[in-house]
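final_37.cif, holding mmCIF, C-alpha atoms and all ligand atoms:
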```cif
data_start
loop_
_atom_site.group_PDB
_atom_site.id
_atom_site.type_symbol
_atom_site.label_atom_id
_atom_site.label_comp_id
_atom_site.auth_asym_id
_atom_site.auth_seq_id
_atom_site.Cartn_x
_atom_site.Cartn_y
_atom_site.Cartn_z
ATOM 1 C CA MET A 1 174.733 42.477 -11.679
ATOM 2 C CA ILE A 2 171.693 41.307 -13.637
ATOM 3 C CA LEU A 3 171.599 37.576 -14.201
ATOM 4 C CA LEU A 4 169.139 37.510 -17.067
ATOM 5 C CA SER A 5 168.098 40.053 -19.649
ATOM 6 C CA SER A 6 164.375 40.575 -20.045
ATOM 7 C CA ALA A 7 164.565 38.719 -23.352
ATOM 8 C CA THR A 8 166.163 35.669 -21.765
ATOM 9 C CA ALA A 9 163.780 35.785 -18.837
ATOM 10 C CA SER A 10 160.912 35.870 -21.306
ATOM 11 C CA VAL A 11 162.216 32.807 -23.126
ATOM 12 C CA LEU A 12 162.605 30.946 -19.852
ATOM 13 C CA ARG A 13 159.217 31.983 -18.544
ATOM 14 C CA THR A 14 157.622 30.878 -21.792
ATOM 15 C CA GLY A 15 159.336 27.541 -21.392
ATOM 16 C CA VAL A 16 157.960 27.222 -17.894
ATOM 17 C CA ASP A 17 154.491 28.204 -19.024
ATOM 18 C CA ARG A 18 154.625 25.575 -21.718
ATOM 19 C CA SER A 19 155.628 23.043 -19.129
ATOM 20 C CA THR A 20 152.692 23.540 -16.801
ATOM 21 C CA SER A 21 150.608 20.641 -15.676
ATOM 22 C CA LYS A 22 147.740 22.039 -17.773
ATOM 23 C CA ARG A 23 149.872 21.790 -20.875
ATOM 24 C CA SER A 24 150.987 18.315 -19.862
ATOM 25 C CA MET A 25 147.379 17.257 -19.546
ATOM 26 C CA GLU A 26 146.517 18.728 -22.940
ATOM 27 C CA LEU A 27 149.328 16.729 -24.494
ATOM 28 C CA LEU A 28 148.264 13.684 -22.573
ATOM 29 C CA PHE A 29 144.978 13.707 -24.471
ATOM 30 C CA LEU A 30 146.070 15.154 -27.793
ATOM 31 C CA SER A 31 149.324 13.314 -28.424
ATOM 32 C CA PRO A 32 147.942 9.774 -28.554
ATOM 33 C CA MET A 33 145.752 10.663 -31.530
ATOM 34 C CA TYR A 34 148.836 11.810 -33.423
ATOM 35 C CA LEU A 35 151.139 9.118 -32.149
ATOM 36 C CA VAL A 36 148.767 6.255 -32.811
ATOM 37 C CA VAL A 37 148.658 7.229 -36.469
ATOM 38 C CA GLN A 38 152.441 7.502 -36.682
ATOM 39 C CA LEU A 39 153.662 4.737 -34.425
ATOM 40 C CA SER A 40 152.864 1.303 -33.127
ATOM 41 C CA PRO A 41 150.998 1.178 -29.782
ATOM 42 C CA LYS A 42 154.176 0.189 -27.937
ATOM 43 C CA GLU A 43 156.247 2.932 -29.578
ATOM 44 C CA SER A 44 153.570 5.556 -28.984
ATOM 45 C CA SER A 45 153.365 4.619 -25.308
ATOM 46 C CA ILE A 46 157.137 5.007 -24.910
ATOM 47 C CA ARG A 47 157.198 8.332 -26.749
ATOM 48 C CA LEU A 48 154.299 9.687 -24.722
ATOM 49 C CA THR A 49 155.940 8.657 -21.446
ATOM 50 C CA GLN A 50 159.159 10.399 -22.491
ATOM 51 C CA LEU A 51 157.272 13.541 -23.437
ATOM 52 C CA ILE A 52 155.326 13.722 -20.177
ATOM 53 C CA ASN A 53 158.489 13.074 -18.146
ATOM 54 C CA CYS A 54 160.289 15.874 -20.002
ATOM 55 C CA LEU A 55 157.460 18.365 -19.422
ATOM 56 C CA GLN A 56 156.916 17.531 -15.780
ATOM 57 C CA TYR A 57 160.596 17.468 -14.805
ATOM 58 C CA GLY A 58 161.184 20.638 -16.823
ATOM 59 C CA MET A 59 158.407 22.420 -14.962
ATOM 60 C CA ARG A 60 159.652 21.360 -11.549
ATOM 61 C CA LEU A 61 163.315 22.159 -12.253
ATOM 62 C CA HIS A 62 162.481 25.648 -13.490
ATOM 63 C CA GLU A 63 160.514 26.263 -10.283
ATOM 64 C CA TYR A 64 163.540 25.249 -8.203
ATOM 65 C CA TYR A 65 165.813 27.364 -10.416
ATOM 66 C CA PHE A 66 163.875 30.606 -10.163
ATOM 67 C CA ASP A 67 163.250 30.090 -6.461
ATOM 68 C CA ASN A 68 166.976 29.756 -5.684
ATOM 69 C CA LEU A 69 167.829 33.033 -7.442
ATOM 70 C CA GLY A 70 167.182 36.678 -6.844
ATOM 71 C CA LYS A 71 168.982 37.762 -3.717
ATOM 72 C CA LYS A 72 172.497 39.137 -3.603
ATOM 73 C CA GLY A 73 173.360 37.503 -0.338
ATOM 74 C CA SER A 74 176.294 35.248 0.331
ATOM 75 C CA SER A 75 176.951 31.728 1.451
ATOM 76 C CA VAL A 76 177.159 32.917 5.074
ATOM 77 C CA ASP A 77 173.353 33.061 4.907
ATOM 78 C CA ALA A 78 173.423 29.239 4.844
ATOM 79 C CA PRO A 79 175.646 28.295 7.822
ATOM 80 C CA ASN A 80 174.352 24.764 8.301
ATOM 81 C CA LEU A 81 174.623 23.962 4.608
ATOM 82 C CA LEU A 82 178.173 25.327 4.504
ATOM 83 C CA LYS A 83 179.163 23.196 7.471
ATOM 84 C CA LYS A 84 177.810 20.109 5.721
ATOM 85 C CA MET A 85 179.597 21.022 2.470
ATOM 86 C CA THR A 86 182.870 21.168 4.375
ATOM 87 C CA GLU A 87 182.191 17.817 6.053
ATOM 88 C CA ASP A 88 181.263 16.035 2.830
ATOM 89 C CA LEU A 89 183.406 17.739 0.217
ATOM 90 C CA GLY A 90 186.383 19.118 2.125
ATOM 91 C CA SER A 91 185.594 22.810 1.757
ATOM 92 C CA TYR A 92 183.120 25.254 0.277
ATOM 93 C CA GLU A 93 185.613 26.031 -2.475
ATOM 94 C CA ALA A 94 185.920 22.351 -3.410
ATOM 95 C CA TRP A 95 182.130 22.098 -3.695
ATOM 96 C CA GLU A 96 181.867 25.302 -5.756
ATOM 97 C CA ASN A 97 184.593 24.198 -8.160
ATOM 98 C CA ASP A 98 182.922 20.829 -8.640
ATOM 99 C CA PHE A 99 179.483 22.393 -9.127
ATOM 100 C CA LYS A 100 180.831 24.781 -11.757
ATOM 101 C CA ALA A 101 182.615 21.896 -13.497
ATOM 102 C CA THR A 102 179.357 19.918 -13.452
ATOM 103 C CA GLY A 103 177.554 22.870 -15.014
ATOM 104 C CA SER A 104 180.212 23.056 -17.724
ATOM 105 C CA ILE A 105 179.621 19.535 -19.002
ATOM 106 C CA ARG A 106 179.030 19.521 -22.740
ATOM 107 C CA GLY A 107 175.383 19.296 -23.630
ATOM 108 C CA ILE A 108 172.084 20.751 -22.442
ATOM 109 C CA GLY A 109 170.728 20.099 -18.997
ATOM 110 C CA TRP A 110 171.082 21.020 -15.372
ATOM 111 C CA ALA A 111 173.685 21.084 -12.597
ATOM 112 C CA ILE A 112 172.122 20.189 -9.272
ATOM 113 C CA LEU A 113 173.390 19.981 -5.706
ATOM 114 C CA TYR A 114 171.525 17.137 -4.062
ATOM 115 C CA GLN A 115 171.310 15.748 -0.578
ATOM 116 C CA ASP A 116 170.899 11.986 -0.406
ATOM 117 C CA SER A 117 167.825 11.097 1.639
ATOM 118 C CA ILE A 118 169.403 7.963 3.153
ATOM 119 C CA THR A 119 172.989 8.966 3.917
ATOM 120 C CA GLY A 120 172.449 12.722 4.123
ATOM 121 C CA ARG A 121 175.523 13.320 1.971
ATOM 122 C CA LEU A 122 175.737 16.245 -0.449
ATOM 123 C CA PHE A 123 176.749 15.674 -4.045
ATOM 124 C CA ASN A 124 176.640 17.469 -7.386
ATOM 125 C CA GLN A 125 175.059 15.830 -10.402
ATOM 126 C CA TRP A 126 174.497 16.524 -14.077
ATOM 127 C CA ILE A 127 170.943 16.007 -15.380
ATOM 128 C CA ASN A 128 170.799 15.529 -19.118
ATOM 129 C CA GLU A 129 168.044 17.597 -20.722
ATOM 130 C CA HIS A 130 165.147 17.585 -18.217
ATOM 131 C CA GLU A 131 164.638 13.948 -17.442
ATOM 132 C CA THR A 132 167.782 11.837 -17.548
ATOM 133 C CA GLY A 133 169.986 11.135 -14.548
ATOM 134 C CA HIS A 134 167.816 12.032 -11.559
ATOM 135 C CA PRO A 135 169.289 10.169 -8.570
ATOM 136 C CA ALA A 136 166.883 8.011 -6.560
ATOM 137 C CA GLY A 137 166.421 9.635 -3.168
ATOM 138 C CA GLY A 138 168.183 12.844 -4.184
ATOM 139 C CA MET A 139 166.684 16.049 -2.790
ATOM 140 C CA PRO A 140 167.570 19.215 -4.775
ATOM 141 C CA ILE A 141 169.302 21.964 -2.801
ATOM 142 C CA LEU A 142 170.636 24.158 -5.643
ATOM 143 C CA VAL A 143 169.453 23.964 -9.254
ATOM 144 C CA MET A 144 171.179 25.659 -12.204
ATOM 145 C CA ASP A 145 169.765 25.691 -15.734
ATOM 146 C CA VAL A 146 172.442 25.276 -18.415
ATOM 147 C CA PHE A 147 170.274 24.895 -21.473
ATOM 148 C CA GLU A 148 171.411 27.321 -24.170
ATOM 149 C CA HIS A 149 168.291 29.456 -23.661
ATOM 150 C CA ALA A 150 169.477 30.254 -20.124
ATOM 151 C CA TYR A 151 172.609 32.091 -21.279
ATOM 152 C CA MET A 152 173.130 32.474 -25.022
ATOM 153 C CA LEU A 153 171.100 35.668 -25.450
ATOM 154 C CA ASP A 154 173.165 37.375 -22.738
ATOM 155 C CA TYR A 155 176.522 35.616 -22.831
ATOM 156 C CA GLY A 156 176.799 34.030 -26.272
ATOM 157 C CA LEU A 157 178.884 30.887 -26.130
ATOM 158 C CA ILE A 158 180.579 31.868 -22.859
ATOM 159 C CA ARG A 159 178.666 29.642 -20.480
ATOM 160 C CA ALA A 160 181.317 30.221 -17.787
ATOM 161 C CA ASP A 161 180.378 33.909 -17.543
ATOM 162 C CA TYR A 162 176.720 32.981 -17.024
ATOM 163 C CA ILE A 163 177.712 30.515 -14.283
ATOM 164 C CA GLU A 164 179.762 33.195 -12.494
ATOM 165 C CA THR A 165 176.796 35.573 -12.600
ATOM 166 C CA PHE A 166 174.489 32.800 -11.446
ATOM 167 C CA PHE A 167 176.649 32.354 -8.349
ATOM 168 C CA ARG A 168 176.477 36.069 -7.543
ATOM 169 C CA ASN A 169 172.669 35.854 -7.564
ATOM 170 C CA ILE A 170 172.047 32.726 -5.498
ATOM 171 C CA ASN A 171 169.526 33.121 -2.711
ATOM 172 C CA TRP A 172 171.409 31.280 0.027
ATOM 173 C CA GLU A 173 168.560 31.637 2.495
ATOM 174 C CA VAL A 174 166.428 29.482 0.194
ATOM 175 C CA LEU A 175 169.207 26.892 0.041
ATOM 176 C CA GLU A 176 169.473 26.833 3.832
ATOM 177 C CA GLY A 177 165.714 26.274 4.048
ATOM 178 C CA ARG A 178 165.850 23.393 1.563
ATOM 179 C CA PHE A 179 168.773 21.886 3.455
ATOM 180 C CA LYS A 180 166.941 22.040 6.787
ATOM 181 C CA ALA A 181 163.846 20.458 5.216
ATOM 182 C CA ALA A 182 165.969 17.720 3.673
ATOM 183 C CA ILE A 183 167.643 17.018 7.020
ATOM 184 C CA LEU A 184 164.230 16.485 8.616
ATOM 185 C CA LEU A 185 163.357 13.947 5.935
ATOM 186 C CA CYS A 186 166.662 12.144 6.478
ATOM 187 C CA GLN A 187 165.904 11.561 10.165
HETATM 188 FE FE FE B 201 165.433 26.406 -18.965
#
```

Could I get this structure in the form of structure tokens?
Amino acid sequence: MILLSSATASVLRTGVDRSTSKRSMELLFLSPMYLVVQLSPKESSIRLTQLINCLQYGMRLHEYYFDNLGKKGSSVDAPNLLKKMTEDLGSYEAWENDFKATGSIRGIGWAILYQDSITGRLFNQWINEHETGHPAGGMPILVMDVFEHAYMLDYGLIRADYIETFFRNINWEVLEGRFKAAILLCQ
């Protein structure tokens, strides 16, 4: 099963390219000239901060997203993560249902499985657009893009079909590696 058509992949890649640090730096220097004309200094500073946050978080989240896709393995490739899911959330199925529900929240953004760096607990969270709702101390384990551009070209309005295909293409070995790295940071 192919997760993304070439057209969708192209849209996403273009989005990532536009979100590179180079582009962020270009905007860092170009935007003030525009914003200063349009807005007060305080307003322009706020707008510029929002823009840079959006670009930088968008770049990083897309990197996580593409890295945790691409292998038709299964959750058994992540035994330590599965054990922790069961401890924290009751069962793998309970986690998966909650993650899919998180990814089905109305709006554009991301569903992310985090591990808390202090308690070590796993939890799912909705990130609105690219920059709103990141939990302090949360370390991303699984990242799913649910902006329209991630699924509408291939699945129309049926986001649930995209999410099902996403799950069939998760690279669980990558998730296990992120989990082990996060555990080291928790200690
Ligand atoms: Fe995206």

When you look at Lys84 in chain A with a cut-off of 8 Å (counting all atoms listed in the file), what residues show up, excluding the ones that are within fewer than 4 positions of it in the same chain? I need them as a list of chain:residue names.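 Surrounding residues, per the criterion: A:Asn80, A:Asp88, A:Leu122.
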
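For the set A:Leu153, A:Leu89, A:Ala101, A:Val143, the residue with the smallest atom-to-atom gap to Gly58 in chain A is A:Val143, counting all atoms listed in the file.
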
Mind checking which residues fall within 7 Å of Tyr92 in chain A, counting all atoms listed in the file, ignoring those fewer than 6 positions away in the same chain, and posting them as a list in words?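 Final neighbour list, sorted by chain and number: Leu82, Met85 and Thr86 of chain A.
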
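Coordinates place CA of Phe123 in chain A at a distance of 22.9 Å from CA of Ala150 in chain A.
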
For CA of Trp172 in chain A and CA of Gly103 in chain A, quote the distance in Å rounded to one decimal.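 Separation between CA of Trp172 in chain A and CA of Gly103 in chain A: 18.3 Å.
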
Between A:Ser91, A:Pro41, A:Asp145, A:Arg106, which one has atoms that come closest to Phe66 in chain A, using all atoms listed in the file?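 Smallest separation from Phe66 in chain A among the options: A:Asp145.
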
For a test of reading the model, state the distance in Å between CA of Ala78 in chain A and CA of Ile141 in chain A, rounded to one decimal.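 Going from CA of Ala78 in chain A over to CA of Ile141 in chain A covers 11.3 Å.
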
Scan for residues within 9 Å of the point (169.2, 13.2, 4.2) in the coordinates of the file, using all atoms listed in the file, and reply as a PDB file with C-alpha atoms, in the coordinates of the input.
```
ATOM      1  CA  GLN A 115     171.310  15.748  -0.578  1.00  0.00           C
ATOM      2  CA  ASP A 116     170.899  11.986  -0.406  1.00  0.00           C
ATOM      3  CA  SER A 117     167.825  11.097   1.639  1.00  0.00           C
ATOM      4  CA  ILE A 118     169.403   7.963   3.153  1.00  0.00           C
ATOM      5  CA  THR A 119     172.989   8.966   3.917  1.00  0.00           C
ATOM      6  CA  GLY A 120     172.449  12.722   4.123  1.00  0.00           C
ATOM      7  CA  ARG A 121     175.523  13.320   1.971  1.00  0.00           C
ATOM      8  CA  LEU A 122     175.737  16.245  -0.449  1.00  0.00           C
ATOM      9  CA  GLY A 137     166.421   9.635  -3.168  1.00  0.00           C
ATOM     10  CA  GLY A 138     168.183  12.844  -4.184  1.00  0.00           C
ATOM     11  CA  MET A 139     166.684  16.049  -2.790  1.00  0.00           C
ATOM     12  CA  PHE A 179     168.773  21.886   3.455  1.00  0.00           C
ATOM     13  CA  ALA A 182     165.969  17.720   3.673  1.00  0.00           C
ATOM     14  CA  ILE A 183     167.643  17.018   7.020  1.00  0.00           C
ATOM     15  CA  LEU A 184     164.230  16.485   8.616  1.00  0.00           C
ATOM     16  CA  LEU A 185     163.357  13.947   5.935  1.00  0.00           C
ATOM     17  CA  CYS A 186     166.662  12.144   6.478  1.00  0.00           C
ATOM     18  CA  GLN A 187     165.904  11.561  10.165  1.00  0.00           C
TER      19      GLN A 187
END
```

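Shortest separation to ligand FE 201 (chain B) among A:Gly109, A:Gly156, A:Pro140, A:Gly133 occurs at residue A:Gly109, atoms counted being only C-alpha atoms and all ligand atoms.
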
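Under the PyMOL selection byres (((chain A and resi 170) around 7) and not hetatm), the matching residues in the shown file are Asn68, Leu69, Gly70, Lys71, Lys72, Phe166, Phe167, Arg168, Asn169, Asn171 and Trp172 of chain A.
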
Translate the PyMOL selection byres (((chain A and resi 134) around 12) and not hetatm) into a concrete residue list for this structure, as a ChimeraX atom specification. /A:53-54,57,61,109-114,116,124-133,135-140

May I have the centre and edge lengths, in Å to one decimal, of an axis-aligned box around the listed atoms of range 173-177 of chain A with 8 Å added to every side, as lines of an AutoDock Vina configuration file?
```
center_x = 167.6
center_y = 29.0
center_z = 2.0
size_x = 19.8
size_y = 21.4
size_z = 20.0
```

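Take the candidates A:Thr102, A:His62, A:Glu93, A:Met152 and check each one against ligand FE 201 (chain B) using only C-alpha atoms and all ligand atoms; the shortest distance goes to A:His62.
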
Find, counting only C-alpha atoms, the residue in A:Asp67, A:Glu96, A:Asp77, A:Glu87 that gets nearest to Glu164 in chain A.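 For Glu164 in chain A, the nearest of the candidates is A:Glu96.
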